[in-house]
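protein_37.txt (compact mmCIF, C-alpha atoms)
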```txt
# COMPACT_ATOMS: atom_id res chain seq x y z
CA MET A 218 -7.92 -5.10 -9.76
CA SER A 219 -6.37 -2.22 -11.65
CA ASP A 220 -2.96 -3.94 -11.40
CA GLY A 221 -4.63 -7.15 -12.51
CA LEU A 222 -5.99 -5.40 -15.58
CA THR A 223 -2.79 -3.50 -16.30
CA VAL A 224 0.08 -5.95 -15.88
CA PRO A 225 -1.34 -9.02 -17.70
CA PHE A 226 -2.64 -6.64 -20.39
CA ALA A 227 0.80 -5.11 -20.88
CA LEU A 228 2.56 -8.47 -20.74
CA ALA A 229 0.23 -9.89 -23.39
CA ALA A 230 0.76 -6.79 -25.52
CA GLY A 231 4.51 -7.19 -25.19
CA LEU A 232 4.44 -10.84 -26.15
CA SER A 233 2.10 -10.15 -29.07
CA GLY A 234 4.86 -7.99 -30.49
CA ALA A 235 7.31 -10.88 -30.14
CA VAL A 236 5.47 -14.13 -30.95
CA ALA A 237 2.85 -14.83 -33.59
CA SER A 238 0.86 -17.48 -31.75
CA SER A 239 -1.75 -16.58 -29.16
CA SER A 240 -1.15 -19.80 -27.24
CA ILE A 241 2.18 -18.57 -25.81
CA VAL A 242 0.52 -15.28 -24.89
CA VAL A 243 -2.27 -17.15 -23.08
CA ILE A 244 0.14 -19.40 -21.18
CA ALA A 245 2.36 -16.49 -20.15
CA GLY A 246 -0.70 -14.46 -19.18
CA ILE A 247 -2.11 -17.24 -17.03
CA ALA A 248 1.26 -17.82 -15.39
CA GLU A 249 1.47 -14.09 -14.65
CA ILE A 250 -2.05 -14.03 -13.18
CA ALA A 251 -1.23 -17.01 -10.96
CA ALA A 252 2.03 -15.39 -9.87
CA GLY A 253 0.61 -11.91 -9.38
CA SER A 254 -2.51 -12.96 -7.51
CA ILE A 255 -0.50 -15.11 -5.10
CA ALA A 256 2.32 -12.59 -4.62
CA MET A 257 -0.17 -9.80 -3.91
CA GLY A 258 -2.81 -11.79 -2.05
CA LEU A 259 -0.46 -13.85 0.10
CA GLY A 260 1.88 -10.89 0.42
CA GLY A 261 -1.00 -8.76 1.68
CA TYR A 262 -2.07 -11.46 4.10
CA LEU A 263 1.37 -11.86 5.63
CA ALA A 264 1.85 -8.09 5.79
CA GLY A 265 -1.42 -7.91 7.72
CA LYS A 266 -0.22 -10.60 10.12
CA THR A 267 3.05 -8.73 10.64
CA GLU A 268 1.06 -5.58 11.41
CA GLN A 269 -0.93 -7.46 14.05
CA ASP A 270 2.23 -8.84 15.64
CA HIS A 271 3.77 -5.39 15.63
CA TYR A 272 0.69 -3.88 17.29
CA ALA A 273 0.59 -6.58 19.95
CA SER A 274 4.28 -6.18 20.79
CA GLU A 275 4.04 -2.38 20.97
CA LEU A 276 0.94 -2.67 23.19
CA LYS A 277 2.83 -4.94 25.55
CA ARG A 278 5.76 -2.52 25.61
CA GLU A 279 3.50 0.45 26.41
CA TYR A 280 1.79 -1.39 29.30
CA ASP A 281 5.25 -2.25 30.54
CA GLU A 282 6.53 1.30 30.36
CA VAL A 283 3.44 2.74 32.02
CA GLU A 284 4.21 0.37 34.89
CA ARG A 285 7.98 0.86 35.02
CA VAL A 286 8.53 4.50 34.07
CA PRO A 287 5.17 6.27 34.59
CA GLU A 288 6.78 9.72 34.85
CA VAL A 289 8.44 9.38 31.42
CA GLU A 290 5.15 8.28 29.90
CA LYS A 291 3.26 11.12 31.56
CA GLN A 292 5.79 13.53 30.12
CA GLU A 293 5.06 12.11 26.66
CA VAL A 294 1.33 12.61 27.11
CA LYS A 295 1.97 16.17 28.28
CA GLU A 296 4.13 16.81 25.21
CA PHE A 297 1.27 15.74 22.98
CA PHE A 298 -0.98 18.37 24.54
CA GLU A 299 1.80 20.96 24.38
CA HIS A 300 2.29 20.14 20.70
CA ILE A 301 -1.37 20.73 19.81
CA GLY A 302 -1.14 24.13 21.51
CA LEU A 303 -2.73 23.86 24.95
CA SER A 304 -1.62 25.99 27.90
CA GLU A 305 0.70 24.55 30.55
CA GLU A 306 -2.12 24.34 33.05
CA VAL A 307 -4.50 22.43 30.77
CA GLN A 308 -1.61 20.18 29.65
CA ILE A 309 -1.02 19.13 33.26
CA ARG A 310 -4.69 18.57 34.07
CA ALA A 311 -5.36 16.61 30.88
CA THR A 312 -2.30 14.44 31.51
CA GLU A 313 -3.41 13.75 35.08
CA GLU A 314 -6.86 12.72 33.90
CA ILE A 315 -5.63 10.43 31.16
CA SER A 316 -3.09 8.68 33.33
CA GLN A 317 -5.66 7.82 35.99
CA ASP A 318 -6.89 4.85 33.95
CA LYS A 319 -4.21 2.49 32.68
CA LYS A 320 -6.15 1.17 29.70
CA ARG A 321 -7.17 4.66 28.60
CA TRP A 322 -3.61 5.86 29.04
CA VAL A 323 -2.07 3.06 26.95
CA ASP A 324 -4.77 3.38 24.26
CA PHE A 325 -4.00 7.07 24.05
CA MET A 326 -0.25 6.43 23.68
CA MET A 327 -0.78 3.78 21.03
CA ARG A 328 -3.09 5.95 18.99
CA TYR A 329 -1.57 9.41 19.31
CA GLU A 330 2.07 8.91 20.27
CA LEU A 331 2.81 5.92 18.03
CA GLY A 332 0.05 6.52 15.48
CA LEU A 333 -1.00 2.86 15.62
CA GLU A 334 -4.57 1.67 15.27
CA GLU A 335 -5.62 -1.76 16.40
CA PRO A 336 -5.72 -3.95 13.26
CA ASP A 337 -8.88 -5.95 12.71
CA PRO A 338 -7.75 -9.61 13.03
CA LYS A 339 -10.15 -10.72 10.29
CA ARG A 340 -9.06 -8.03 7.88
CA ALA A 341 -5.78 -9.65 6.82
CA GLY A 342 -7.53 -12.77 5.54
CA LYS A 343 -10.39 -10.94 3.90
CA SER A 344 -8.18 -8.45 2.12
CA ALA A 345 -5.88 -11.24 0.89
CA VAL A 346 -8.79 -13.07 -0.73
CA ASN A 347 -10.12 -9.79 -2.16
CA ILE A 348 -6.78 -8.80 -3.63
CA GLY A 349 -6.12 -12.25 -5.09
CA LEU A 350 -9.57 -12.62 -6.65
CA SER A 351 -9.57 -9.05 -8.01
CA TYR A 352 -6.23 -9.68 -9.65
CA ILE A 353 -7.56 -12.85 -11.29
CA ALA A 354 -10.80 -11.16 -12.38
CA GLY A 355 -8.84 -8.20 -13.73
CA GLY A 356 -6.31 -10.41 -15.50
CA ILE A 357 -8.83 -12.54 -17.35
CA ILE A 358 -10.26 -9.51 -19.18
CA PRO A 359 -7.20 -8.50 -21.24
CA LEU A 360 -6.35 -12.16 -21.84
CA SER A 361 -9.76 -13.35 -23.01
CA PRO A 362 -9.47 -12.19 -26.67
CA TYR A 363 -6.38 -14.39 -27.11
CA PHE A 364 -8.45 -17.44 -26.16
CA PHE A 365 -10.58 -16.99 -29.25
CA ILE A 366 -8.20 -15.38 -31.73
CA SER A 367 -5.20 -17.52 -32.67
CA ASP A 368 -3.21 -14.71 -34.28
CA SER A 369 -1.65 -12.73 -31.45
CA ALA A 370 -1.57 -9.41 -33.35
CA GLU A 371 -5.33 -9.67 -33.98
CA GLY A 372 -5.92 -10.69 -30.38
CA LEU A 373 -3.96 -7.65 -29.23
CA LYS A 374 -6.27 -5.26 -31.10
CA VAL A 375 -9.36 -6.63 -29.37
CA SER A 376 -7.52 -6.80 -26.04
CA ILE A 377 -6.53 -3.12 -26.27
CA ILE A 378 -10.13 -2.01 -26.90
CA VAL A 379 -11.66 -4.22 -24.20
CA THR A 380 -9.01 -3.46 -21.59
CA LEU A 381 -8.91 0.31 -22.06
CA ILE A 382 -12.71 0.45 -21.76
CA CYS A 383 -12.55 -1.61 -18.56
CA LEU A 384 -9.69 0.46 -17.12
CA PHE A 385 -11.63 3.64 -17.83
CA ALA A 386 -14.82 2.29 -16.26
CA PHE A 387 -12.91 0.91 -13.27
CA GLY A 388 -11.02 4.19 -12.77
CA TYR A 389 -14.27 6.13 -13.02
CA PHE A 390 -16.18 4.14 -10.41
CA LYS A 391 -13.23 3.79 -8.06
CA SER A 392 -12.65 7.55 -8.12
CA ARG A 393 -16.33 8.24 -7.52
CA MET A 394 -16.30 5.93 -4.53
CA THR A 395 -13.25 7.62 -3.01
CA GLY A 396 -14.66 11.07 -3.70
CA VAL A 397 -12.07 12.43 -6.13
CA ASN A 398 -12.77 13.75 -9.63
CA ALA A 399 -14.10 10.71 -11.50
CA TRP A 400 -13.14 11.67 -15.06
CA LYS A 401 -9.63 12.60 -14.00
CA GLY A 402 -9.29 9.34 -12.07
CA ALA A 403 -10.57 7.33 -15.04
CA LEU A 404 -8.05 9.00 -17.36
CA LYS A 405 -5.19 8.36 -14.93
CA VAL A 406 -5.89 4.62 -14.67
CA THR A 407 -6.34 4.28 -18.45
CA PHE A 408 -3.16 6.25 -19.05
CA ILE A 409 -1.09 3.98 -16.78
CA GLY A 410 -2.41 0.90 -18.58
CA ALA A 411 -1.68 2.33 -22.02
CA ILE A 412 1.85 3.44 -21.11
CA ALA A 413 2.68 0.10 -19.46
CA ALA A 414 1.43 -1.85 -22.49
CA ALA A 415 3.29 0.39 -24.94
CA ALA A 416 6.50 0.03 -22.95
CA ALA A 417 6.16 -3.76 -22.71
CA PHE A 418 5.44 -3.96 -26.44
CA GLY A 419 8.43 -1.76 -27.28
CA VAL A 420 10.85 -3.54 -24.99
CA ALA A 421 9.79 -6.98 -26.21
CA LYS A 422 10.18 -5.85 -29.84
CA ILE A 423 13.72 -4.63 -29.13
CA PHE A 424 14.74 -7.90 -27.48
CA THR A 425 13.21 -10.00 -30.26
CA HIS A 426 15.42 -8.48 -32.96
CA MET B 1431 11.60 -5.03 -4.85
CA SER B 1432 10.13 -8.15 -3.33
CA ASP B 1433 7.32 -8.05 -5.91
CA GLY B 1434 9.95 -7.46 -8.59
CA LEU B 1435 11.80 -10.57 -7.47
CA THR B 1436 8.67 -12.66 -7.03
CA VAL B 1437 6.46 -12.02 -10.05
CA PRO B 1438 9.06 -12.17 -12.86
CA PHE B 1439 10.58 -15.19 -11.11
CA ALA B 1440 7.25 -16.97 -11.01
CA LEU B 1441 6.35 -15.99 -14.55
CA ALA B 1442 9.69 -17.29 -15.84
CA ALA B 1443 9.20 -20.50 -13.86
CA GLY B 1444 5.74 -20.92 -15.36
CA LEU B 1445 6.95 -20.39 -18.89
CA SER B 1446 9.89 -22.74 -18.36
CA GLY B 1447 7.34 -25.45 -17.75
CA ALA B 1448 5.63 -24.60 -21.04
CA VAL B 1449 8.32 -23.69 -23.57
CA ALA B 1450 11.75 -25.20 -24.12
CA SER B 1451 13.58 -22.09 -25.30
CA SER B 1452 14.92 -19.52 -22.90
CA SER B 1453 14.45 -16.71 -25.40
CA ILE B 1454 10.66 -16.66 -24.97
CA VAL B 1455 11.15 -16.70 -21.21
CA VAL B 1456 13.52 -13.74 -21.43
CA ILE B 1457 11.21 -11.72 -23.69
CA ALA B 1458 8.17 -12.40 -21.50
CA GLY B 1459 10.19 -11.60 -18.40
CA ILE B 1460 11.41 -8.30 -19.79
CA ALA B 1461 7.91 -7.37 -20.95
CA GLU B 1462 6.63 -8.16 -17.45
CA ILE B 1463 9.37 -6.07 -15.80
CA ALA B 1464 8.56 -3.12 -18.08
CA ALA B 1465 4.85 -3.50 -17.39
CA GLY B 1466 5.18 -4.05 -13.65
CA SER B 1467 7.68 -1.26 -13.03
CA ILE B 1468 5.53 1.26 -14.90
CA ALA B 1469 2.23 0.09 -13.42
CA MET B 1470 3.63 0.25 -9.89
CA GLY B 1471 5.90 3.27 -10.27
CA LEU B 1472 3.50 5.45 -12.24
CA GLY B 1473 0.57 4.08 -10.26
CA GLY B 1474 2.32 5.04 -7.02
CA TYR B 1475 3.13 8.49 -8.39
CA LEU B 1476 -0.44 9.23 -9.42
CA ALA B 1477 -1.80 7.85 -6.15
CA GLY B 1478 0.53 10.26 -4.35
CA LYS B 1479 -0.75 13.15 -6.45
CA THR B 1480 -4.34 12.18 -5.69
CA GLU B 1481 -3.48 12.13 -1.98
CA GLN B 1482 -2.09 15.66 -2.24
CA ASP B 1483 -5.20 16.90 -4.04
CA HIS B 1484 -7.38 15.23 -1.42
CA TYR B 1485 -5.43 16.85 1.41
CA ALA B 1486 -5.59 20.29 -0.20
CA SER B 1487 -9.35 20.05 -0.78
CA GLU B 1488 -10.04 18.85 2.77
CA LEU B 1489 -7.85 21.63 4.16
CA LYS B 1490 -9.85 24.21 2.22
CA ARG B 1491 -13.09 22.68 3.47
CA GLU B 1492 -11.95 22.77 7.10
CA TYR B 1493 -10.92 26.46 6.85
CA ASP B 1494 -14.31 27.10 5.33
CA GLU B 1495 -16.21 25.30 8.06
CA VAL B 1496 -14.24 26.96 10.85
CA GLU B 1497 -15.35 30.27 9.33
CA ARG B 1498 -18.96 29.34 8.58
CA VAL B 1499 -19.99 26.98 11.39
CA PRO B 1500 -17.45 27.54 14.22
CA GLU B 1501 -19.80 26.11 16.86
CA VAL B 1502 -20.13 22.80 15.02
CA GLU B 1503 -16.37 22.59 14.63
CA LYS B 1504 -15.81 23.44 18.28
CA GLN B 1505 -18.20 20.65 19.20
CA GLU B 1506 -16.09 18.24 17.13
CA VAL B 1507 -12.92 19.29 18.93
CA LYS B 1508 -14.69 18.85 22.26
CA GLU B 1509 -15.83 15.37 21.23
CA PHE B 1510 -12.23 14.41 20.53
CA PHE B 1511 -11.26 15.33 24.08
CA GLU B 1512 -14.33 13.57 25.43
CA HIS B 1513 -13.40 10.48 23.46
CA ILE B 1514 -9.88 10.27 24.90
CA GLY B 1515 -11.42 10.45 28.38
CA LEU B 1516 -11.02 14.01 29.70
CA SER B 1517 -13.47 15.59 32.13
CA GLU B 1518 -16.15 17.98 30.88
CA GLU B 1519 -14.32 20.95 32.34
CA VAL B 1520 -10.96 20.16 30.71
CA GLN B 1521 -12.75 19.37 27.42
CA ILE B 1522 -14.22 22.86 27.37
CA ARG B 1523 -11.00 24.62 28.31
CA ALA B 1524 -8.91 22.66 25.80
CA THR B 1525 -11.45 23.36 23.06
CA GLU B 1526 -11.42 27.08 23.86
CA GLU B 1527 -7.63 27.20 23.70
CA ILE B 1528 -7.36 25.33 20.43
CA SER B 1529 -10.02 27.37 18.67
CA GLN B 1530 -8.30 30.66 19.52
CA ASP B 1531 -5.85 30.23 16.67
CA LYS B 1532 -7.38 29.36 13.29
CA LYS B 1533 -4.33 27.62 11.85
CA ARG B 1534 -3.80 25.56 15.00
CA TRP B 1535 -7.49 24.70 15.04
CA VAL B 1536 -7.59 23.53 11.41
CA ASP B 1537 -4.31 21.62 11.77
CA PHE B 1538 -5.76 19.85 14.76
CA MET B 1539 -8.96 18.93 12.88
CA MET B 1540 -7.02 17.65 9.87
CA ARG B 1541 -4.69 15.53 11.95
CA TYR B 1542 -6.99 14.18 14.67
CA GLU B 1543 -10.53 14.40 13.33
CA LEU B 1544 -9.80 13.35 9.74
CA GLY B 1545 -6.58 11.47 10.41
CA LEU B 1546 -4.83 13.20 7.50
CA GLU B 1547 -1.18 14.14 7.48
CA GLU B 1548 0.18 16.70 5.07
CA PRO B 1549 1.78 14.72 2.24
CA ASP B 1550 5.33 15.70 1.30
CA PRO B 1551 4.99 17.10 -2.25
CA LYS B 1552 8.36 15.61 -3.28
CA ARG B 1553 7.54 12.19 -1.91
CA ALA B 1554 5.23 11.11 -4.75
CA GLY B 1555 7.95 11.55 -7.35
CA LYS B 1556 10.71 10.01 -5.26
CA SER B 1557 8.70 6.97 -4.26
CA ALA B 1558 7.63 6.40 -7.89
CA VAL B 1559 11.24 6.31 -9.06
CA ASN B 1560 12.20 4.08 -6.11
CA ILE B 1561 9.38 1.63 -6.74
CA GLY B 1562 10.03 1.48 -10.48
CA LEU B 1563 13.79 0.98 -10.15
CA SER B 1564 13.44 -1.57 -7.35
CA TYR B 1565 11.05 -3.56 -9.49
CA ILE B 1566 13.52 -3.55 -12.38
CA ALA B 1567 16.47 -4.44 -10.12
CA GLY B 1568 14.45 -7.22 -8.51
CA GLY B 1569 13.19 -8.54 -11.82
CA ILE B 1570 16.60 -8.83 -13.47
CA ILE B 1571 17.82 -11.28 -10.81
CA PRO B 1572 15.46 -14.23 -11.52
CA LEU B 1573 15.73 -13.57 -15.26
CA SER B 1574 19.50 -13.39 -15.56
CA PRO B 1575 20.17 -17.17 -15.69
CA TYR B 1576 17.99 -17.45 -18.80
CA PHE B 1577 20.25 -14.96 -20.58
CA PHE B 1578 23.13 -17.44 -20.40
CA ILE B 1579 21.40 -20.81 -20.47
CA SER B 1580 19.45 -21.52 -23.64
CA ASP B 1581 17.50 -24.50 -22.24
CA SER B 1582 14.70 -23.06 -20.14
CA ALA B 1583 14.50 -26.02 -17.76
CA GLU B 1584 18.20 -25.64 -16.93
CA GLY B 1585 17.77 -21.87 -16.61
CA LEU B 1586 14.93 -22.45 -14.18
CA LYS B 1587 17.12 -24.51 -11.83
CA VAL B 1588 19.68 -21.72 -11.52
CA SER B 1589 16.94 -19.10 -11.30
CA ILE B 1590 15.28 -20.92 -8.40
CA ILE B 1591 18.51 -21.07 -6.40
CA VAL B 1592 19.55 -17.47 -7.09
CA THR B 1593 16.09 -16.01 -6.50
CA LEU B 1594 15.30 -17.89 -3.31
CA ILE B 1595 18.64 -16.79 -1.84
CA CYS B 1596 17.92 -13.18 -2.81
CA LEU B 1597 14.37 -13.33 -1.46
CA PHE B 1598 15.64 -14.73 1.81
CA ALA B 1599 18.36 -12.08 2.11
CA PHE B 1600 15.95 -9.30 1.13
CA GLY B 1601 13.31 -10.51 3.60
CA TYR B 1602 15.92 -10.75 6.33
CA PHE B 1603 17.26 -7.21 5.95
CA LYS B 1604 13.87 -5.64 5.35
CA SER B 1605 12.49 -7.25 8.52
CA ARG B 1606 15.53 -6.14 10.51
CA MET B 1607 15.03 -2.59 9.33
CA THR B 1608 11.35 -2.56 10.29
CA GLY B 1609 12.11 -4.19 13.64
CA VAL B 1610 10.21 -7.45 13.30
CA ASN B 1611 11.70 -10.93 13.68
CA ALA B 1612 14.22 -11.14 10.84
CA TRP B 1613 14.29 -14.93 10.33
CA LYS B 1614 10.52 -15.13 10.33
CA GLY B 1615 10.33 -12.23 7.85
CA ALA B 1616 12.92 -13.86 5.60
CA LEU B 1617 11.00 -17.14 5.59
CA LYS B 1618 7.72 -15.37 4.79
CA VAL B 1619 9.13 -13.58 1.75
CA THR B 1620 10.86 -16.73 0.48
CA PHE B 1621 7.69 -18.74 1.02
CA ILE B 1622 5.57 -16.32 -1.02
CA GLY B 1623 8.07 -16.46 -3.89
CA ALA B 1624 8.21 -20.26 -3.85
CA ILE B 1625 4.42 -20.65 -3.76
CA ALA B 1626 3.88 -18.11 -6.54
CA ALA B 1627 6.46 -19.81 -8.75
CA ALA B 1628 5.06 -23.28 -8.08
CA ALA B 1629 1.53 -22.08 -8.89
CA ALA B 1630 2.63 -20.35 -12.09
CA PHE B 1631 4.57 -23.47 -13.12
CA GLY B 1632 1.61 -25.75 -12.40
CA VAL B 1633 -0.97 -23.56 -14.11
CA ALA B 1634 1.19 -23.10 -17.20
CA LYS B 1635 1.75 -26.89 -17.39
CA ILE B 1636 -1.99 -27.53 -17.26
CA PHE B 1637 -2.71 -25.05 -20.04
CA THR B 1638 0.08 -26.42 -22.21
CA HIS B 1639 -1.39 -29.90 -22.37
```
Please go through the file and, once you have read it, give me the structure as structure tokens.
Amino acid sequence: MSDGLTVPFALAAGLSGAVASSSIVVIAGIAEIAAGSIAMGLGGYLAGKTEQDHYASELKREYDEVERVPEVEKQEVKEFFEHIGLSEEVQIRATEEISQDKKRWVDFMMRYELGLEEPDPKRAGKSAVNIGLSYIAGGIIPLSPYFFISDSAEGLKVSIIVTLICLFAFGYFKSRMTGVNAWKGALKVTFIGAIAAAAAFGVAKIFTH
Amino acid sequence: MSDGLTVPFALAAGLSGAVASSSIVVIAGIAEIAAGSIAMGLGGYLAGKTEQDHYASELKREYDEVERVPEVEKQEVKEFFEHIGLSEEVQIRATEEISQDKKRWVDFMMRYELGLEEPDPKRAGKSAVNIGLSYIAGGIIPLSPYFFISDSAEGLKVSIIVTLICLFAFGYFKSRMTGVNAWKGALKVTFIGAIAAAAAFGVAKIFTH
């Protein structure tokens, strides 16, 4: 959502510096929202699918190895316990206990040797829809002033005010939810949006002349 | 880089359906590249900084808790060993051994209770520069035909060919590097780009009429 606010906002700002009519800004903004929401949403979905495939193939490989080369795999479990600082004796006993149950053994290897957690099969789809819709919702905000104001420079002024307020509010609540300093988080998000818009505006100005 | 190829490509495609002159397409594309590279690069940098702050504050909290409520923390270590399937006796011995050394104990809690790895302080900066530059490099490819071809519809044809080839090649090599099926990966990336461009084109057409 923060990308959805930022990138269409900055693109519209850039174009406002280059063309006088809001209609071009609106069309470009809508094209960007369509492109961005699909690239991020669909991209996220397919990345999630790839992660699932990867997990499944690694799981198969671990079950295979536990069958074929159990001593190598036991050594790897033992090394984990050595690495966290247990004594030789406890390393050996813990390894023996884990390797008594094949499922437990493989789960342990997946989680702590490979650092892989089982992906939730429904998550890929859900997160794709979330990302796509957030991008659209975010993108409509900076664009909306241009719908009503035909002069792009005037539209930009309203868009800057509306978008910076939304970025600040979004940054504030997101930071609160993730437990970091909310004011600092709000300033960061607003700062990124302002810099991106200023850069887009500047670059578009240069290429127009 | 894949986003850098996809989004400016799709935006340019969308605008080509709406305006006849390549110059508007180029200006919008450059504004988008400036906006996207800063939003993603700077966004990535600040996210990395937040991660470092988060790690540091959690580390402090764990050292604190180990000092103040060692029995509670020992219980948490024991629960980890219970969870992976060790016997009561080995759980107790392993917990005793880990909690003998404060640094080892806290490191263990950070890594396996909270699932946090110490972020590399240089990584945030490096990855920001990488992301930003990749986005710019990716974005120039779909835009370059419009520099030389003044009719946007003609520019679009060349842009489609060039970009889809690059997306395919990029998807292929990226998938090979991450060890998943390279042809499948190449098709996925190309597919996302094509869909995003088609959607942007369609949406821009609708809003033009």
For chain B, report every residue with an atom at most 7 Å from chain A (counting only C-alpha atoms), formatted as a VMD selection string.
chain B and resid 1433 1436 to 1437 1440 to 1441 1444 to 1445 1457 to 1458 1460 to 1462 1464 to 1466 1468 to 1469 1472 to 1473 1514 to 1516 1520 1524 1527 to 1528 1538 1622 to 1623 1626 to 1627 1629 to 1631 1633 to 1634 1637
Residues at most 6 Å from segment 1571-1576 of chain B, counting all atoms listed in the file, excluding those fewer than 4 positions away in the same chain, as a PyMOL selection string?
chain B and resi 1439+1452+1585+1589+1593
May I have the selected residues written with C-alpha atoms, as a tab-separated table (two decimals), in the coordinates of the input?
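Final file, result.tsv:
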```tsv
chain	number	residue	atom	x	y	z
B	1439	PHE	CA	10.58	-15.19	-11.11
B	1452	SER	CA	14.92	-19.52	-22.90
B	1585	GLY	CA	17.77	-21.87	-16.61
B	1589	SER	CA	16.94	-19.10	-11.30
B	1593	THR	CA	16.09	-16.01	-6.50
```
How many Å lie between atom CA of Leu276 of chain A and atom CA of Met1539 of chain B, rounded to one decimal?
25.9 Å
Point-to-point distance from atom CA of Pro338 of chain A to atom CA of Gln269 of chain A, Å rounded to tenths
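Atom CA of Gln269 of chain A lies 7.2 Å from atom CA of Pro338 of chain A.
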Go ahead and compute the interatomic distance for atom CA of Glu1488 of chain B and atom CA of Pro336 of chain A, in Å to one decimal.
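Distance between the two atoms: 25.5 Å.
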Return the single residue from B:Lys1508, B:Lys1532, B:Lys1479, B:Arg1553 that is closest to Glu1492 of chain B, with distances computed using all atoms listed in the file.
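Closest residue, counting all atoms listed in the file: B:Lys1532.
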Counting all atoms listed in the file, the option among B:Glu1512, B:Tyr1493, B:Tyr1602, B:Tyr1485 closest to Leu1546 of chain B
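Among B:Glu1512, B:Tyr1493, B:Tyr1602, B:Tyr1485, it is B:Tyr1485 that comes nearest to Leu1546 of chain B.
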Residue rebuild result segment 1610-1623 of chain B, N, CA, C and O atoms as a PDB file, in the coordinates of the input:
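Saved file selection.pdb follows:
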```pdb
ATOM      1  N   VAL B1610      10.895  -6.197  12.989  1.00  0.00           N
ATOM      2  CA  VAL B1610      10.210  -7.450  13.300  1.00  0.00           C
ATOM      3  C   VAL B1610      11.215  -8.595  13.205  1.00  0.00           C
ATOM      4  O   VAL B1610      12.336  -8.418  12.726  1.00  0.00           O
ATOM      5  N   ASN B1611      10.812  -9.767  13.675  1.00  0.00           N
ATOM      6  CA  ASN B1611      11.700 -10.930  13.680  1.00  0.00           C
ATOM      7  C   ASN B1611      12.257 -11.205  12.271  1.00  0.00           C
ATOM      8  O   ASN B1611      11.529 -11.492  11.336  1.00  0.00           O
ATOM      9  N   ALA B1612      13.597 -11.120  12.158  1.00  0.00           N
ATOM     10  CA  ALA B1612      14.220 -11.140  10.840  1.00  0.00           C
ATOM     11  C   ALA B1612      14.152 -12.508  10.163  1.00  0.00           C
ATOM     12  O   ALA B1612      13.903 -12.609   8.963  1.00  0.00           O
ATOM     13  N   TRP B1613      14.346 -13.591  10.936  1.00  0.00           N
ATOM     14  CA  TRP B1613      14.290 -14.930  10.330  1.00  0.00           C
ATOM     15  C   TRP B1613      12.890 -15.256   9.847  1.00  0.00           C
ATOM     16  O   TRP B1613      12.697 -15.815   8.773  1.00  0.00           O
ATOM     17  N   LYS B1614      11.917 -14.903  10.694  1.00  0.00           N
ATOM     18  CA  LYS B1614      10.520 -15.130  10.330  1.00  0.00           C
ATOM     19  C   LYS B1614      10.178 -14.338   9.061  1.00  0.00           C
ATOM     20  O   LYS B1614       9.552 -14.863   8.133  1.00  0.00           O
ATOM     21  N   GLY B1615      10.594 -13.080   9.015  1.00  0.00           N
ATOM     22  CA  GLY B1615      10.330 -12.230   7.850  1.00  0.00           C
ATOM     23  C   GLY B1615      10.972 -12.798   6.598  1.00  0.00           C
ATOM     24  O   GLY B1615      10.360 -12.812   5.517  1.00  0.00           O
ATOM     25  N   ALA B1616      12.203 -13.291   6.742  1.00  0.00           N
ATOM     26  CA  ALA B1616      12.920 -13.860   5.600  1.00  0.00           C
ATOM     27  C   ALA B1616      12.178 -15.087   5.072  1.00  0.00           C
ATOM     28  O   ALA B1616      12.007 -15.261   3.860  1.00  0.00           O
ATOM     29  N   LEU B1617      11.729 -15.932   5.998  1.00  0.00           N
ATOM     30  CA  LEU B1617      11.000 -17.140   5.590  1.00  0.00           C
ATOM     31  C   LEU B1617       9.695 -16.795   4.883  1.00  0.00           C
ATOM     32  O   LEU B1617       9.332 -17.414   3.885  1.00  0.00           O
ATOM     33  N   LYS B1618       8.984 -15.779   5.412  1.00  0.00           N
ATOM     34  CA  LYS B1618       7.720 -15.370   4.790  1.00  0.00           C
ATOM     35  C   LYS B1618       7.927 -14.976   3.334  1.00  0.00           C
ATOM     36  O   LYS B1618       7.218 -15.438   2.441  1.00  0.00           O
ATOM     37  N   VAL B1619       8.881 -14.086   3.096  1.00  0.00           N
ATOM     38  CA  VAL B1619       9.130 -13.580   1.750  1.00  0.00           C
ATOM     39  C   VAL B1619       9.534 -14.714   0.810  1.00  0.00           C
ATOM     40  O   VAL B1619       9.061 -14.805  -0.326  1.00  0.00           O
ATOM     41  N   THR B1620      10.408 -15.595   1.296  1.00  0.00           N
ATOM     42  CA  THR B1620      10.860 -16.730   0.480  1.00  0.00           C
ATOM     43  C   THR B1620       9.689 -17.653   0.154  1.00  0.00           C
ATOM     44  O   THR B1620       9.536 -18.140  -0.974  1.00  0.00           O
ATOM     45  N   PHE B1621       8.857 -17.880   1.162  1.00  0.00           N
ATOM     46  CA  PHE B1621       7.690 -18.740   1.020  1.00  0.00           C
ATOM     47  C   PHE B1621       6.738 -18.210  -0.053  1.00  0.00           C
ATOM     48  O   PHE B1621       6.286 -18.962  -0.929  1.00  0.00           O
ATOM     49  N   ILE B1622       6.456 -16.912  -0.006  1.00  0.00           N
ATOM     50  CA  ILE B1622       5.570 -16.320  -1.020  1.00  0.00           C
ATOM     51  C   ILE B1622       6.132 -16.544  -2.419  1.00  0.00           C
ATOM     52  O   ILE B1622       5.418 -16.948  -3.337  1.00  0.00           O
ATOM     53  N   GLY B1623       7.434 -16.285  -2.584  1.00  0.00           N
ATOM     54  CA  GLY B1623       8.070 -16.460  -3.890  1.00  0.00           C
ATOM     55  C   GLY B1623       7.970 -17.897  -4.372  1.00  0.00           C
ATOM     56  O   GLY B1623       7.638 -18.162  -5.539  1.00  0.00           O
TER      57      GLY B1623
END
```
